[in-house]
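Take a look at the structure below.
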Amino acid sequence: MIEDTFTIANKNFKSRLIVGTGKYKTFEDTANAVKASGADIVTVAIRRVNILDKGQPLLMDYLDPKSITYLPNTAGCYTSDEALRTLRLAREIGGWRLVKLEVLGDKKTLYPNMIETIKSTEVLVKEGFEVMAYCTDDPILTKKLEDVGACSIMPLGAPIGSGLGIQNKTNISLIKEQSSVPVIVDAGVGTASDATIAMELGCDGVLINTAIAEAKNPVMMAEAMKYAVLAGRKAFRAGRMKKRQYASASSPKKDLI
């Protein structure tokens, strides 16, 4: 088999599944789900997850940042200034340079504000950050993100936390086709089949939080997502059969009795 490495910002990872750390009932639940998922990267909302107050439970006590890659993100930021301040703080706290940028447009849809996202990406790249950018599924705007230096494009499949699955396969495919950096579907995955579809489209990875954290059995769902991503990736690499308008017999016609 040809080597199939997953590389972001010149760092190799084994798993193409990235897992969020929000919405779980306890940090213990978070740790168990992450372990079941096999993920190498977890996102951490700097404004929402406790990584500072030692008087309260710390995420780091449950997920060792020396054995798993923390990806600080700017969840809850609605302006470029908020996002920049949050990620600069993350670098001061833990020295993190690989970050996930989210600049949201409104509280109802949680759609990305692409103008602010592109502006923030350009600033952060100049400051030495490696930016994985959450974005809309607009191929023109995602190309602009790559042009200003994003190290990964992260188009939404559907609104954050909706569980609707990938709503626009055509745009996701176009984004993947034109991108020279990893394309990771971020937001909207609801169940394992959604993750598989993302990978069958050729995406390099999938980021999942709500679909695991809000499942009746988060650990079991995390494991399901692990295998869904693996299956989708293998199917993409194998190359699916061509679709046909009419039936095609499975058995050869030669030497029929």
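Ordered as shown in the structure tokens, chains take letters A, B, and onward, while each chain numbers its residues from 1 and ligands are numbered from 1 in the order shown.
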
Practice problem: Can you list, as a PyMOL selection string, all residues belonging to region 129-200 of chain A that DSSP tags as alpha helix (DSSP H)? | Solution: chain A and resi 139-147+169-178+192-200

I need the chosen residues saved as a CSV table (one decimal), in the first residue's frame, with C-alpha atoms.
chain,number,residue,atom,x,y,z
A,139,PRO,CA,-14.7,27.8,-3.0
A,140,ILE,CA,-13.8,31.4,-3.9
A,141,LEU,CA,-13.5,32.5,-0.3
A,142,THR,CA,-11.7,29.3,0.8
A,143,LYS,CA,-9.1,29.9,-2.0
A,144,LYS,CA,-8.6,33.4,-0.6
A,145,LEU,CA,-7.9,31.8,2.9
A,146,GLU,CA,-5.3,29.6,1.4
A,147,ASP,CA,-3.8,32.5,-0.5
A,169,LYS,CA,-21.2,17.8,-1.5
A,170,THR,CA,-20.5,19.7,-4.8
A,171,ASN,CA,-18.9,22.7,-3.0
A,172,ILE,CA,-16.9,20.5,-0.7
A,173,SER,CA,-15.6,18.5,-3.7
A,174,LEU,CA,-14.6,21.7,-5.5
A,175,ILE,CA,-12.8,23.0,-2.4
A,176,LYS,CA,-10.8,19.8,-2.1
A,177,GLU,CA,-10.0,19.8,-5.8
A,178,GLN,CA,-8.5,23.3,-5.8
A,192,ALA,CA,-20.9,7.9,11.4
A,193,SER,CA,-22.2,7.8,7.8
A,194,ASP,CA,-21.7,11.6,7.6
A,195,ALA,CA,-18.1,11.2,8.5
A,196,THR,CA,-17.7,8.5,5.9
A,197,ILE,CA,-19.2,10.7,3.2
A,198,ALA,CA,-16.8,13.5,4.0
A,199,MET,CA,-13.9,11.1,3.6
A,200,GLU,CA,-15.3,9.5,0.4

Spatial neighbours of Asp64 (chain A), max dist 12 Å, only C-alpha atoms, sep filter under 5 positions, as a short mmCIF file (atom, residue, chain, number, x, y, z; two decimals) with C-alpha atoms, in the first residue's frame:
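Output file result.cif is given in full below:
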data_model
loop_
_atom_site.label_atom_id
_atom_site.label_comp_id
_atom_site.auth_asym_id
_atom_site.auth_seq_id
_atom_site.Cartn_x
_atom_site.Cartn_y
_atom_site.Cartn_z
CA ALA A 31 -11.03 11.62 28.06
CA VAL A 34 -11.13 10.82 22.95
CA LYS A 35 -9.38 7.55 23.77
CA ASP A 40 -4.29 12.58 17.84
CA ILE A 41 -5.67 16.13 17.94
CA VAL A 42 -8.29 17.68 20.22
CA ILE A 51 -6.99 25.20 31.37
CA LEU A 58 -8.28 21.00 34.53
CA LEU A 59 -8.62 19.43 31.10
CA THR A 69 -1.94 17.63 20.26
CA TYR A 70 -4.02 20.48 21.67
#

Quiz item: Distance CA of Leu207 (chain A)-CA of Gly188 (chain A), one decimal place?
Solution: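 Distance between the two atoms: 9.4 Å.
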
Quiz prompt | Contacts of region 114-120 of chain A at 12 Å (only C-alpha atoms; same-chain gap of 4+ positions) as a VMD selection string | solution = chain A and resid 74 77 to 88 100 to 106 110 124 to 127 129 to 150 153 to 155

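Here CA of Arg233 (chain A) is placed at a distance of 7.4 Å from CA of Gly202 (chain A).
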
Quiz item: From the list A:Ile208, A:Leu201, A:Met241, A:Val183, which residue is nearest Ser162 (chain A) when using only C-alpha atoms?
Solution: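 Distance minimum relative to Ser162 (chain A) lands on A:Ile208.
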
Practice problem: May I ask for the distance between CA of Gln167 (chain A) and CA of Gly205 (chain A), given in Å to one decimal place? | Solution: 16.9 Å

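Here the question is which of A:Ile93, A:Val185, A:Ala231, A:Ala39 gets nearest to Ile68 (chain A) using only C-alpha atoms, and that residue is A:Ala39.
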
Exercise. Please run DSSP on the backbone and report, as a ChimeraX atom specification, all residues within region 22-85 of chain A that come out as strand (DSSP E or B).
Key: /A:41-45,69-73

Quiz item: Which is closest to Asp4 (chain A) among A:Thr43, A:Met220, A:Asp204, A:Thr109, if we use only C-alpha atoms?
Solution: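 That would be A:Asp204, the residue with the smallest distance to Asp4 (chain A).
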